[in-house]
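Listing of input_15.pdb; format and content: PDB, C-alpha atoms (C1' of nucleotides).
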ATOM      1  CA  MET A   8      -5.746 -26.500   4.721
ATOM      2  CA  ILE A   9      -3.178 -28.051   6.972
ATOM      3  CA  ASN A  10      -1.184 -25.468   8.927
ATOM      4  CA  SER A  11       2.463 -24.701   8.294
ATOM      5  CA  ARG A  12       3.596 -26.222  11.577
ATOM      6  CA  PHE A  13       4.082 -29.473   9.734
ATOM      7  CA  ALA A  14       6.445 -27.905   7.198
ATOM      8  CA  VAL A  15       8.272 -25.997   9.908
ATOM      9  CA  ALA A  16       8.602 -29.132  12.034
ATOM     10  CA  ILE A  17      10.266 -30.967   9.159
ATOM     11  CA  HIS A  18      12.550 -27.982   8.697
ATOM     12  CA  ILE A  19      13.471 -27.987  12.382
ATOM     13  CA  LEU A  20      14.182 -31.705  12.507
ATOM     14  CA  SER A  21      16.295 -31.477   9.360
ATOM     15  CA  LEU A  22      18.452 -28.854  10.988
ATOM     16  CA  ILE A  23      18.797 -30.828  14.195
ATOM     17  CA  ALA A  24      19.729 -33.901  12.203
ATOM     18  CA  SER A  25      22.488 -31.985  10.439
ATOM     19  CA  GLY A  26      24.013 -29.525  12.839
ATOM     20  CA  PRO A  27      26.057 -30.168  15.957
ATOM     21  CA  ARG A  28      23.845 -29.814  19.001
ATOM     22  CA  GLU A  29      25.183 -26.520  20.331
ATOM     23  CA  LYS A  30      24.569 -24.859  16.978
ATOM     24  CA  VAL A  31      20.887 -25.602  16.482
ATOM     25  CA  THR A  32      19.395 -23.233  19.027
ATOM     26  CA  SER A  33      15.876 -21.894  18.581
ATOM     27  CA  GLU A  34      17.501 -18.614  17.589
ATOM     28  CA  TYR A  35      19.514 -20.276  14.848
ATOM     29  CA  ILE A  36      16.612 -22.368  13.604
ATOM     30  CA  ALA A  37      14.385 -19.296  13.559
ATOM     31  CA  GLY A  38      16.959 -17.653  11.308
ATOM     32  CA  SER A  39      16.705 -20.491   8.822
ATOM     33  CA  VAL A  40      12.917 -20.811   8.956
ATOM     34  CA  ASN A  41      12.583 -17.043   9.028
ATOM     35  CA  THR A  42      10.342 -16.616  11.998
ATOM     36  CA  ASN A  43      10.427 -15.876  15.716
ATOM     37  CA  PRO A  44      12.403 -18.161  18.081
ATOM     38  CA  VAL A  45       9.332 -18.657  20.233
ATOM     39  CA  VAL A  46       7.468 -20.131  17.295
ATOM     40  CA  ILE A  47      10.293 -22.620  16.977
ATOM     41  CA  ARG A  48      10.281 -23.465  20.660
ATOM     42  CA  ARG A  49       6.542 -23.950  20.564
ATOM     43  CA  ILE A  50       6.831 -26.517  17.790
ATOM     44  CA  THR A  51       9.912 -28.049  19.354
ATOM     45  CA  GLY A  52       7.811 -28.564  22.456
ATOM     46  CA  MET A  53       5.275 -30.576  20.462
ATOM     47  CA  LEU A  54       8.015 -32.669  18.881
ATOM     48  CA  LYS A  55       9.519 -33.283  22.290
ATOM     49  CA  LYS A  56       6.180 -34.324  23.723
ATOM     50  CA  ALA A  57       5.837 -36.772  20.839
ATOM     51  CA  GLY A  58       9.231 -38.190  21.735
ATOM     52  CA  LEU A  59      10.983 -37.187  18.537
ATOM     53  CA  LEU A  60      13.670 -35.040  20.131
ATOM     54  CA  GLN A  61      15.324 -34.261  23.420
ATOM     55  CA  SER A  62      16.239 -30.884  24.860
ATOM     56  CA  GLN A  63      16.881 -29.272  28.205
ATOM     57  CA  VAL A  64      16.418 -25.895  29.811
ATOM     58  CA  GLY A  65      19.785 -24.217  29.989
ATOM     59  CA  THR A  66      21.390 -26.463  27.412
ATOM     60  CA  PRO A  67      21.483 -25.017  23.896
ATOM     61  CA  GLY A  68      20.094 -27.017  20.995
ATOM     62  CA  ALA A  69      18.386 -30.364  20.781
ATOM     63  CA  VAL A  70      19.019 -33.884  19.552
ATOM     64  CA  LEU A  71      16.906 -36.462  17.783
ATOM     65  CA  THR A  72      15.874 -39.460  19.835
ATOM     66  CA  ARG A  73      16.289 -41.777  16.874
ATOM     67  CA  ASP A  74      17.804 -41.977  13.437
ATOM     68  CA  PRO A  75      16.197 -39.860  10.663
ATOM     69  CA  VAL A  76      15.497 -43.104   8.814
ATOM     70  CA  GLU A  77      13.315 -44.143  11.710
ATOM     71  CA  ILE A  78      11.276 -40.959  11.827
ATOM     72  CA  SER A  79       8.387 -40.985   9.376
ATOM     73  CA  LEU A  80       6.650 -37.883   8.132
ATOM     74  CA  LEU A  81       3.509 -39.280   9.698
ATOM     75  CA  ASP A  82       5.228 -39.245  13.099
ATOM     76  CA  ILE A  83       5.995 -35.584  12.556
ATOM     77  CA  TYR A  84       2.558 -34.797  11.183
ATOM     78  CA  LEU A  85       0.783 -36.365  14.143
ATOM     79  CA  ALA A  86       3.111 -34.613  16.567
ATOM     80  CA  VAL A  87       2.110 -31.123  15.452
ATOM     81  CA  GLN A  88      -1.553 -31.653  14.563
ATOM     82  CA  GLU A  89      -3.994 -31.254  17.428
ATOM     83  CA  LYS A  90      -7.151 -32.390  15.676
ATOM     84  CA  GLU A  91      -6.916 -35.993  14.660
ATOM     85  CA  ASP A  92      -9.652 -35.699  12.047
ATOM     86  CA  LEU A  93      -8.707 -34.256   8.678
ATOM     87  CA  PHE A  94     -12.294 -33.551   7.583
ATOM     88  CA  SER A  95     -14.888 -31.522   9.473
ATOM     89  CA  MET A  96     -18.517 -32.477   9.766
ATOM     90  CA  HIS A  97     -21.481 -30.189  10.278
ATOM     91  CA  GLU A  98     -23.011 -30.666  13.715
ATOM     92  CA  ASN A  99     -26.559 -31.728  14.459
ATOM     93  CA  PRO A 100     -28.078 -32.543  11.078
ATOM     94  CA  ASN A 101     -31.825 -33.035  11.378
ATOM     95  CA  PRO A 102     -32.629 -36.599  12.514
ATOM     96  CA  GLN A 103     -36.203 -36.257  11.173
ATOM     97  CA  CYS A 104     -34.771 -36.305   7.660
ATOM     98  CA  PRO A 105     -33.515 -39.554   6.093
ATOM     99  CA  VAL A 106     -30.409 -37.796   4.836
ATOM    100  CA  GLY A 107     -29.816 -35.791   8.004
ATOM    101  CA  LYS A 108     -30.209 -38.941  10.049
ATOM    102  CA  ASN A 109     -27.641 -40.987   8.145
ATOM    103  CA  ILE A 110     -25.196 -38.543   6.621
ATOM    104  CA  GLN A 111     -22.755 -38.534   9.517
ATOM    105  CA  SER A 112     -22.139 -42.243   9.717
ATOM    106  CA  ALA A 113     -21.973 -42.428   5.929
ATOM    107  CA  LEU A 114     -19.337 -39.714   5.784
ATOM    108  CA  GLU A 115     -17.385 -40.886   8.780
ATOM    109  CA  ASP A 116     -16.239 -44.014   7.058
ATOM    110  CA  THR A 117     -15.515 -42.309   3.736
ATOM    111  CA  PHE A 118     -13.578 -39.472   5.332
ATOM    112  CA  HIS A 119     -11.601 -41.911   7.389
ATOM    113  CA  THR A 120     -10.590 -43.862   4.319
ATOM    114  CA  ALA A 121      -9.409 -40.738   2.512
ATOM    115  CA  GLN A 122      -7.480 -39.543   5.530
ATOM    116  CA  THR A 123      -5.836 -42.917   5.905
ATOM    117  CA  ALA A 124      -4.720 -42.888   2.278
ATOM    118  CA  MET A 125      -2.960 -39.597   2.898
ATOM    119  CA  GLU A 126      -1.420 -40.733   6.164
ATOM    120  CA  LYS A 127      -0.200 -43.956   4.633
ATOM    121  CA  GLU A 128       1.689 -41.907   2.097
ATOM    122  CA  LEU A 129       3.266 -39.847   4.867
ATOM    123  CA  ALA A 130       4.115 -43.003   6.771
ATOM    124  CA  SER A 131       6.064 -44.297   3.796
ATOM    125  CA  LYS A 132       8.466 -41.343   3.786
ATOM    126  CA  SER A 133      11.122 -40.676   6.371
ATOM    127  CA  LEU A 134      12.876 -37.565   7.565
ATOM    128  CA  GLN A 135      15.939 -38.990   5.875
ATOM    129  CA  ASP A 136      14.093 -39.122   2.551
ATOM    130  CA  ILE A 137      13.542 -35.389   2.829
ATOM    131  CA  ARG A 138      17.172 -34.824   3.786
ATOM    132  CA  THR A 139      18.288 -36.868   0.822
ATOM    133  CA  ARG A 140      16.111 -34.794  -1.464
ATOM    134  CA  MET A 141      17.873 -31.714  -0.138
ATOM    135  CA  ALA A 142      21.204 -33.408  -0.878
ATOM    136  CA  LEU A 143      22.204 -33.508   2.788
TER     137      LEU A 143
ATOM    138  CA  MET B  29      -8.527 -29.357   9.038
ATOM    139  CA  ILE B  30     -10.745 -29.298   6.007
ATOM    140  CA  ASN B  31     -13.822 -27.129   6.488
ATOM    141  CA  SER B  32     -17.329 -28.491   6.817
ATOM    142  CA  ARG B  33     -18.427 -27.097   3.452
ATOM    143  CA  PHE B  34     -17.417 -30.396   1.934
ATOM    144  CA  ALA B  35     -19.680 -32.382   4.258
ATOM    145  CA  VAL B  36     -22.512 -29.902   3.789
ATOM    146  CA  ALA B  37     -22.108 -29.996   0.006
ATOM    147  CA  ILE B  38     -22.488 -33.771  -0.004
ATOM    148  CA  HIS B  39     -25.544 -33.368   2.186
ATOM    149  CA  ILE B  40     -27.044 -30.814  -0.204
ATOM    150  CA  LEU B  41     -26.439 -32.892  -3.292
ATOM    151  CA  SER B  42     -27.895 -35.969  -1.608
ATOM    152  CA  LEU B  43     -31.105 -34.076  -0.928
ATOM    153  CA  ILE B  44     -31.289 -32.713  -4.451
ATOM    154  CA  ALA B  45     -30.728 -36.203  -5.819
ATOM    155  CA  SER B  46     -33.619 -37.541  -3.777
ATOM    156  CA  GLY B  47     -36.319 -34.942  -3.548
ATOM    157  CA  PRO B  48     -38.545 -33.530  -6.295
ATOM    158  CA  ARG B  49     -37.161 -30.205  -7.468
ATOM    159  CA  GLU B  50     -39.791 -27.915  -5.929
ATOM    160  CA  LYS B  51     -39.222 -29.446  -2.518
ATOM    161  CA  VAL B  52     -35.473 -28.954  -2.131
ATOM    162  CA  THR B  53     -35.377 -25.201  -1.541
ATOM    163  CA  SER B  54     -32.512 -23.635   0.390
ATOM    164  CA  GLU B  55     -34.956 -23.272   3.253
ATOM    165  CA  TYR B  56     -35.758 -26.970   3.243
ATOM    166  CA  ILE B  57     -32.134 -28.024   2.881
ATOM    167  CA  ALA B  58     -31.145 -25.691   5.711
ATOM    168  CA  GLY B  59     -33.669 -27.487   7.877
ATOM    169  CA  SER B  60     -32.032 -30.815   7.198
ATOM    170  CA  VAL B  61     -28.452 -29.571   7.552
ATOM    171  CA  ASN B  62     -29.469 -27.463  10.521
ATOM    172  CA  THR B  63     -28.069 -24.120   9.468
ATOM    173  CA  ASN B  64     -29.063 -20.862   7.796
ATOM    174  CA  PRO B  65     -30.510 -20.906   4.255
ATOM    175  CA  VAL B  66     -27.889 -18.403   3.117
ATOM    176  CA  VAL B  67     -25.132 -20.809   4.072
ATOM    177  CA  ILE B  68     -26.820 -23.351   1.814
ATOM    178  CA  ARG B  69     -27.179 -20.896  -1.056
ATOM    179  CA  ARG B  70     -23.524 -19.929  -0.710
ATOM    180  CA  ILE B  71     -22.400 -23.538  -1.086
ATOM    181  CA  THR B  72     -24.990 -24.165  -3.769
ATOM    182  CA  GLY B  73     -23.416 -21.285  -5.661
ATOM    183  CA  MET B  74     -20.032 -23.014  -5.571
ATOM    184  CA  LEU B  75     -21.535 -26.285  -6.747
ATOM    185  CA  LYS B  76     -23.322 -24.459  -9.540
ATOM    186  CA  LYS B  77     -20.136 -22.715 -10.622
ATOM    187  CA  ALA B  78     -18.459 -26.125 -10.731
ATOM    188  CA  GLY B  79     -21.233 -27.350 -12.991
ATOM    189  CA  LEU B  80     -22.644 -29.921 -10.608
ATOM    190  CA  LEU B  81     -26.139 -28.497 -10.367
ATOM    191  CA  GLN B  82     -28.535 -26.096 -12.026
ATOM    192  CA  SER B  83     -30.817 -23.537 -10.450
ATOM    193  CA  GLN B  84     -32.568 -20.304 -11.311
ATOM    194  CA  VAL B  85     -33.591 -17.149  -9.541
ATOM    195  CA  GLY B  86     -37.312 -17.281  -8.885
ATOM    196  CA  THR B  87     -37.567 -21.017  -9.436
ATOM    197  CA  PRO B  88     -37.544 -23.077  -6.230
ATOM    198  CA  GLY B  89     -35.054 -25.889  -5.823
ATOM    199  CA  ALA B  90     -32.256 -27.203  -7.974
ATOM    200  CA  VAL B  91     -31.395 -30.206 -10.095
ATOM    201  CA  LEU B  92     -28.229 -32.200 -10.659
ATOM    202  CA  THR B  93     -26.599 -31.809 -14.050
ATOM    203  CA  ARG B  94     -25.644 -35.468 -14.139
ATOM    204  CA  ASP B  95     -26.353 -38.767 -12.499
ATOM    205  CA  PRO B  96     -25.130 -39.266  -8.900
ATOM    206  CA  VAL B  97     -23.039 -42.164 -10.188
ATOM    207  CA  GLU B  98     -21.161 -39.688 -12.360
ATOM    208  CA  ILE B  99     -20.406 -37.226  -9.558
ATOM    209  CA  SER B 100     -17.305 -38.167  -7.603
ATOM    210  CA  LEU B 101     -16.565 -36.912  -4.117
ATOM    211  CA  LEU B 102     -13.475 -35.314  -5.585
ATOM    212  CA  ASP B 103     -15.662 -33.256  -7.921
ATOM    213  CA  ILE B 104     -17.550 -32.042  -4.869
ATOM    214  CA  TYR B 105     -14.420 -31.505  -2.811
ATOM    215  CA  LEU B 106     -12.771 -29.386  -5.481
ATOM    216  CA  ALA B 107     -15.956 -27.397  -5.990
ATOM    217  CA  VAL B 108     -16.047 -26.114  -2.419
ATOM    218  CA  GLN B 109     -12.332 -25.818  -1.637
ATOM    219  CA  GLU B 110     -10.743 -22.523  -2.581
ATOM    220  CA  LYS B 111      -7.131 -23.375  -1.842
ATOM    221  CA  GLU B 112      -5.900 -26.110  -4.098
ATOM    222  CA  ASP B 113      -3.021 -27.049  -1.824
ATOM    223  CA  LEU B 114      -3.808 -29.252   1.138
ATOM    224  CA  PHE B 115      -0.556 -28.491   2.991
ATOM    225  CA  SER B 116       0.785 -25.061   3.894
ATOM    226  CA  MET B 117       4.418 -24.075   3.603
ATOM    227  CA  HIS B 118       6.249 -21.445   5.619
ATOM    228  CA  GLU B 119       7.190 -18.476   3.460
ATOM    229  CA  ASN B 120      10.702 -17.213   2.800
ATOM    230  CA  PRO B 121      12.983 -19.742   4.445
ATOM    231  CA  ASN B 122      16.556 -18.468   4.537
ATOM    232  CA  PRO B 123      18.327 -19.145   1.235
ATOM    233  CA  GLN B 124      21.731 -18.774   2.943
ATOM    234  CA  CYS B 125      21.062 -22.037   4.744
ATOM    235  CA  PRO B 126      21.312 -25.403   2.939
ATOM    236  CA  VAL B 127      18.065 -26.528   4.506
ATOM    237  CA  GLY B 128      16.275 -23.225   4.067
ATOM    238  CA  LYS B 129      17.330 -23.141   0.470
ATOM    239  CA  ASN B 130      16.041 -26.582  -0.447
ATOM    240  CA  ILE B 131      13.224 -27.344   1.926
ATOM    241  CA  GLN B 132      10.448 -25.934  -0.216
ATOM    242  CA  SER B 133      11.125 -27.920  -3.344
ATOM    243  CA  ALA B 134      11.735 -31.022  -1.250
ATOM    244  CA  LEU B 135       8.393 -30.651   0.480
ATOM    245  CA  GLU B 136       6.452 -29.601  -2.573
ATOM    246  CA  ASP B 137       6.788 -32.978  -4.170
ATOM    247  CA  THR B 138       6.141 -34.918  -0.986
ATOM    248  CA  PHE B 139       3.088 -32.880  -0.066
ATOM    249  CA  HIS B 140       1.742 -33.230  -3.555
ATOM    250  CA  THR B 141       2.052 -36.993  -3.410
ATOM    251  CA  ALA B 142       0.217 -37.188  -0.091
ATOM    252  CA  GLN B 143      -2.521 -34.889  -1.311
ATOM    253  CA  THR B 144      -2.930 -36.921  -4.472
ATOM    254  CA  ALA B 145      -3.313 -40.120  -2.473
ATOM    255  CA  MET B 146      -6.178 -38.546  -0.586
ATOM    256  CA  GLU B 147      -7.802 -37.114  -3.711
ATOM    257  CA  LYS B 148      -7.532 -40.403  -5.526
ATOM    258  CA  GLU B 149      -9.518 -41.976  -2.753
ATOM    259  CA  LEU B 150     -12.196 -39.301  -3.085
ATOM    260  CA  ALA B 151     -12.217 -39.753  -6.841
ATOM    261  CA  SER B 152     -13.022 -43.419  -6.419
ATOM    262  CA  LYS B 153     -16.242 -42.731  -4.543
ATOM    263  CA  SER B 154     -19.407 -41.285  -6.038
ATOM    264  CA  LEU B 155     -22.326 -39.349  -4.642
ATOM    265  CA  GLN B 156     -24.350 -42.474  -5.301
ATOM    266  CA  ASP B 157     -22.008 -44.487  -3.082
ATOM    267  CA  ILE B 158     -22.872 -42.150  -0.241
ATOM    268  CA  ARG B 159     -26.566 -42.348  -1.026
ATOM    269  CA  THR B 160     -26.342 -46.125  -1.043
ATOM    270  CA  ARG B 161     -24.657 -46.071   2.331
ATOM    271  CA  MET B 162     -27.584 -44.036   3.608
ATOM    272  CA  ALA B 163     -29.923 -46.655   2.143
ATOM    273  CA  LEU B 164     -31.464 -44.205  -0.323
TER     274      LEU B 164
ATOM    275  C1'  DA C   2      27.900 -14.210  39.685
ATOM    276  C1'  DC C   3      26.800 -13.742  34.832
ATOM    277  C1'  DC C   4      25.431 -14.865  30.354
ATOM    278  C1'  DT C   5      22.797 -17.687  27.373
ATOM    279  C1'  DA C   6      19.210 -20.820  26.283
ATOM    280  C1'  DT C   7      14.873 -23.402  26.967
ATOM    281  C1'  DG C   8      10.056 -23.556  28.240
ATOM    282  C1'  DT C   9       5.719 -21.105  28.869
ATOM    283  C1'  DA C  10       2.271 -17.816  29.598
ATOM    284  C1'  DA C  11       0.018 -13.976  27.900
ATOM    285  C1'  DC C  12      -1.304 -10.982  24.469
ATOM    286  C1'  DC C  13      -2.031  -9.216  19.613
ATOM    287  C1'  DA C  14      -3.066  -9.147  14.569
ATOM    288  C1'  DT C  15      -4.676 -11.602  10.823
ATOM    289  C1'  DT C  16      -7.449 -14.787   8.540
ATOM    290  C1'  DA C  17     -11.002 -18.330   7.645
ATOM    291  C1'  DT C  18     -15.344 -19.874   8.743
ATOM    292  C1'  DA C  19     -20.091 -19.985   9.600
ATOM    293  C1'  DG C  20     -24.090 -17.468  10.788
ATOM    294  C1'  DT C  21     -27.090 -13.513  10.027
ATOM    295  C1'  DT C  22     -29.678  -9.446   8.024
ATOM    296  C1'  DA C  23     -30.975  -7.174   4.060
ATOM    297  C1'  DC C  24     -32.305  -6.677  -0.492
ATOM    298  C1'  DA C  25     -32.404  -6.841  -5.717
ATOM    299  C1'  DA C  26     -33.999  -9.825  -9.413
ATOM    300  C1'  DT C  27     -36.944 -13.319 -11.138
ATOM    301  C1'  DT C  28     -40.550 -16.652 -11.482
ATOM    302  C1'  DG C  29     -45.225 -18.428 -11.118
ATOM    303  C1'  DG C  30     -49.869 -18.160  -9.385
ATOM    304  C1'  DT C  31     -53.924 -15.438  -8.820
TER     305       DT C  31
ATOM    306  C1'  DA D  16     -50.895  -6.545 -13.155
ATOM    307  C1'  DC D  17     -49.819  -7.808  -8.671
ATOM    308  C1'  DC D  18     -48.080 -10.672  -4.942
ATOM    309  C1'  DA D  19     -45.670 -14.267  -2.608
ATOM    310  C1'  DA D  20     -41.868 -17.123  -2.715
ATOM    311  C1'  DT D  21     -37.276 -18.028  -3.965
ATOM    312  C1'  DT D  22     -32.521 -17.478  -5.645
ATOM    313  C1'  DG D  23     -28.307 -14.897  -5.619
ATOM    314  C1'  DT D  24     -25.295 -11.588  -3.279
ATOM    315  C1'  DA D  25     -23.362  -8.145  -0.480
ATOM    316  C1'  DA D  26     -22.294  -6.778   3.963
ATOM    317  C1'  DC D  27     -21.691  -7.390   8.618
ATOM    318  C1'  DT D  28     -20.744 -10.148  12.991
ATOM    319  C1'  DA D  29     -18.860 -13.642  16.157
ATOM    320  C1'  DT D  30     -15.711 -17.181  16.872
ATOM    321  C1'  DA D  31     -11.652 -19.835  16.485
ATOM    322  C1'  DA D  32      -7.066 -21.024  14.700
ATOM    323  C1'  DT D  33      -2.722 -19.422  13.542
ATOM    324  C1'  DG D  34       1.548 -17.211  13.782
ATOM    325  C1'  DG D  35       4.181 -13.480  15.741
ATOM    326  C1'  DT D  36       5.678 -10.981  19.875
ATOM    327  C1'  DT D  37       6.983  -9.611  24.710
ATOM    328  C1'  DA D  38       8.045 -11.107  29.121
ATOM    329  C1'  DC D  39       9.944 -13.969  32.439
ATOM    330  C1'  DA D  40      11.047 -18.071  35.393
ATOM    331  C1'  DT D  41      14.376 -21.816  35.320
ATOM    332  C1'  DA D  42      18.613 -24.186  34.413
ATOM    333  C1'  DG D  43      23.631 -24.830  32.594
ATOM    334  C1'  DG D  44      28.144 -23.401  31.408
ATOM    335  C1'  DT D  45      31.924 -20.343  32.097
TER     336       DT D  45
END
Output the file's structure in the form of structure tokens.
Amino acid sequence: MINSRFAVAIHILSLIASGPREKVTSEYIAGSVNTNPVVIRRITGMLKKAGLLQSQVGTPGAVLTRDPVEISLLDIYLAVQEKEDLFSMHENPNPQCPVGKNIQSALEDTFHTAQTAMEKELASKSLQDIRTRMAL
Amino acid sequence: MINSRFAVAIHILSLIASGPREKVTSEYIAGSVNTNPVVIRRITGMLKKAGLLQSQVGTPGAVLTRDPVEISLLDIYLAVQEKEDLFSMHENPNPQCPVGKNIQSALEDTFHTAQTAMEKELASKSLQDIRTRMAL
DNA sequence: ACCTATGTAACCATTATAGTTACAATTGGT
DNA sequence: ACCAATTGTAACTATAATGGTTACATAGGT
């Protein structure tokens, strides 16, 4: 199961896209998400590192670096996910066994295809699409 | 990240599809997967509950209930996944806030679409496809 | 100077996962 | 009838990821 950072990140970016900068502090966002401000700042840090927003110590709030139409859900997803593989493999299957020897390469390709199908779907939706769905 | 039970389950079913029944004991499978026999029996239990294989206390091994061509990777995936949602949501966003109020329903649909894209890909591949890739 | 906010580090509680030990129940061979 | 082997589970452990929390250094705005 994919962690809730993705959902929270979309929530955060939606707020930043809407509010005036000074309003969307980590404190304020935390109030909307219903969590601790540090959790927000942690995720904000990931989004910043990915180049999706800008912020500064001492200056309240944050701003998007580009238009919500230009931010795909895949951009957001990749920003907050540390593992780049969606599926896990078991380590060290027995190479003496025909199945153990070949299972990994066989699965690698299949897993990659499935992951790509999901990511393609995320790539086709923008932050603005989500905002529109919320009637913002 | 999706747990390795899925990969192990495919491994297990591949062995059962190949070997003669008496040979593919949990002990033998564990040797190929490189783990503990109980881990194998645990996953085998899930696959059995999903109707993908048959086994009996006292009788070594297991058999598939249908042809590998008729077992999709989605069947296997669903058999070993307990949560049916791929994406997590944050609980209790603030209903006083326009975003907090609408984020969940907005994401629900989007997440569902992305998950479906991935599952559709898994549904299009069979256990036999994997076996073929392993040259079995 | 003072207040407020960001950015991090450090720590904790909870949960999922995989591995392990132990054992009851059942089958088949002798 | 007995024994060995095997499945099916329960229970426990270790590890890692996650989210929440406290604490604090740093920077801006008044």
Find the residues near stretch 24-26 of chain C: any atom within 10 Å, counting all atoms listed in the file, skip ones fewer than 2 places away on the same chain, and give them as a list in words. Val85 and Gly86 of chain B; DT22 and DT28 of chain C; DT22, DG23, DT24 and DA25 of chain D
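Distances here use all atoms listed in the file; by that measure, the residue among B:Ala90, B:Met146, B:Ile57, B:Ala37 closest to chain D is B:Ala90.
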Write out as lines of an AutoDock Vina configuration file an axis-aligned box for stretch 80-85 of chain B: all of its atoms listed in the file, 4 Å added on each side, centre and edge lengths in Å with one decimal.
center_x = -28.1
center_y = -23.5
center_z = -10.8
size_x = 18.9
size_y = 20.8
size_z = 10.5
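Counting from atom CA of B:Tyr105, the distance to atom CA of B:Arg161 is 18.5 Å.
Among the candidate residues B:Asp113, B:Arg94, B:Ser83, B:Leu43, the one lying nearest to A:Val106 is B:Leu43, with distances computed using only C-alpha atoms.
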Stretch 39-81 of chain B from the block above, C-alpha atoms, as a PDB file, in the first residue's frame, please?
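Written out: out-v6.pdb:
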ATOM      1  CA  HIS B  39       7.127 -18.350  -7.621  1.00  0.00           C
ATOM      2  CA  ILE B  40       5.122 -20.931  -5.671  1.00  0.00           C
ATOM      3  CA  LEU B  41       2.511 -21.382  -8.354  1.00  0.00           C
ATOM      4  CA  SER B  42       5.192 -21.723 -11.022  1.00  0.00           C
ATOM      5  CA  LEU B  43       6.753 -24.581  -9.087  1.00  0.00           C
ATOM      6  CA  ILE B  44       3.424 -26.285  -8.520  1.00  0.00           C
ATOM      7  CA  ALA B  45       2.635 -25.948 -12.211  1.00  0.00           C
ATOM      8  CA  SER B  46       5.892 -27.639 -13.131  1.00  0.00           C
ATOM      9  CA  GLY B  47       6.708 -30.284 -10.594  1.00  0.00           C
ATOM     10  CA  PRO B  48       4.897 -33.550  -9.850  1.00  0.00           C
ATOM     11  CA  ARG B  49       2.654 -33.099  -6.830  1.00  0.00           C
ATOM     12  CA  GLU B  50       4.671 -35.130  -4.313  1.00  0.00           C
ATOM     13  CA  LYS B  51       7.773 -33.101  -5.062  1.00  0.00           C
ATOM     14  CA  VAL B  52       6.494 -29.579  -4.428  1.00  0.00           C
ATOM     15  CA  THR B  53       6.271 -29.651  -0.635  1.00  0.00           C
ATOM     16  CA  SER B  54       6.528 -26.437   1.364  1.00  0.00           C
ATOM     17  CA  GLU B  55      10.014 -27.574   2.290  1.00  0.00           C
ATOM     18  CA  TYR B  56      11.033 -27.922  -1.338  1.00  0.00           C
ATOM     19  CA  ILE B  57       9.428 -24.648  -2.377  1.00  0.00           C
ATOM     20  CA  ALA B  58      11.109 -22.870   0.529  1.00  0.00           C
ATOM     21  CA  GLY B  59      14.414 -24.130  -0.805  1.00  0.00           C
ATOM     22  CA  SER B  60      13.769 -22.556  -4.170  1.00  0.00           C
ATOM     23  CA  VAL B  61      12.387 -19.279  -2.812  1.00  0.00           C
ATOM     24  CA  ASN B  62      15.055 -19.254  -0.134  1.00  0.00           C
ATOM     25  CA  THR B  63      12.910 -18.743   2.930  1.00  0.00           C
ATOM     26  CA  ASN B  64      11.206 -20.652   5.732  1.00  0.00           C
ATOM     27  CA  PRO B  65       8.644 -23.368   4.899  1.00  0.00           C
ATOM     28  CA  VAL B  66       6.083 -21.688   7.146  1.00  0.00           C
ATOM     29  CA  VAL B  67       6.265 -18.543   5.054  1.00  0.00           C
ATOM     30  CA  ILE B  68       5.419 -20.710   2.055  1.00  0.00           C
ATOM     31  CA  ARG B  69       2.540 -22.430   3.826  1.00  0.00           C
ATOM     32  CA  ARG B  70       1.172 -19.058   4.913  1.00  0.00           C
ATOM     33  CA  ILE B  71       1.059 -17.804   1.330  1.00  0.00           C
ATOM     34  CA  THR B  72      -0.159 -21.162   0.091  1.00  0.00           C
ATOM     35  CA  GLY B  73      -3.037 -20.776   2.524  1.00  0.00           C
ATOM     36  CA  MET B  74      -4.011 -17.472   0.919  1.00  0.00           C
ATOM     37  CA  LEU B  75      -3.829 -18.965  -2.556  1.00  0.00           C
ATOM     38  CA  LYS B  76      -5.938 -21.892  -1.409  1.00  0.00           C
ATOM     39  CA  LYS B  77      -8.536 -19.595   0.120  1.00  0.00           C
ATOM     40  CA  ALA B  78      -8.673 -17.751  -3.201  1.00  0.00           C
ATOM     41  CA  GLY B  79      -9.325 -21.047  -4.937  1.00  0.00           C
ATOM     42  CA  LEU B  80      -6.134 -21.123  -6.959  1.00  0.00           C
ATOM     43  CA  LEU B  81      -4.761 -24.366  -5.583  1.00  0.00           C
TER      44      LEU B  81
END
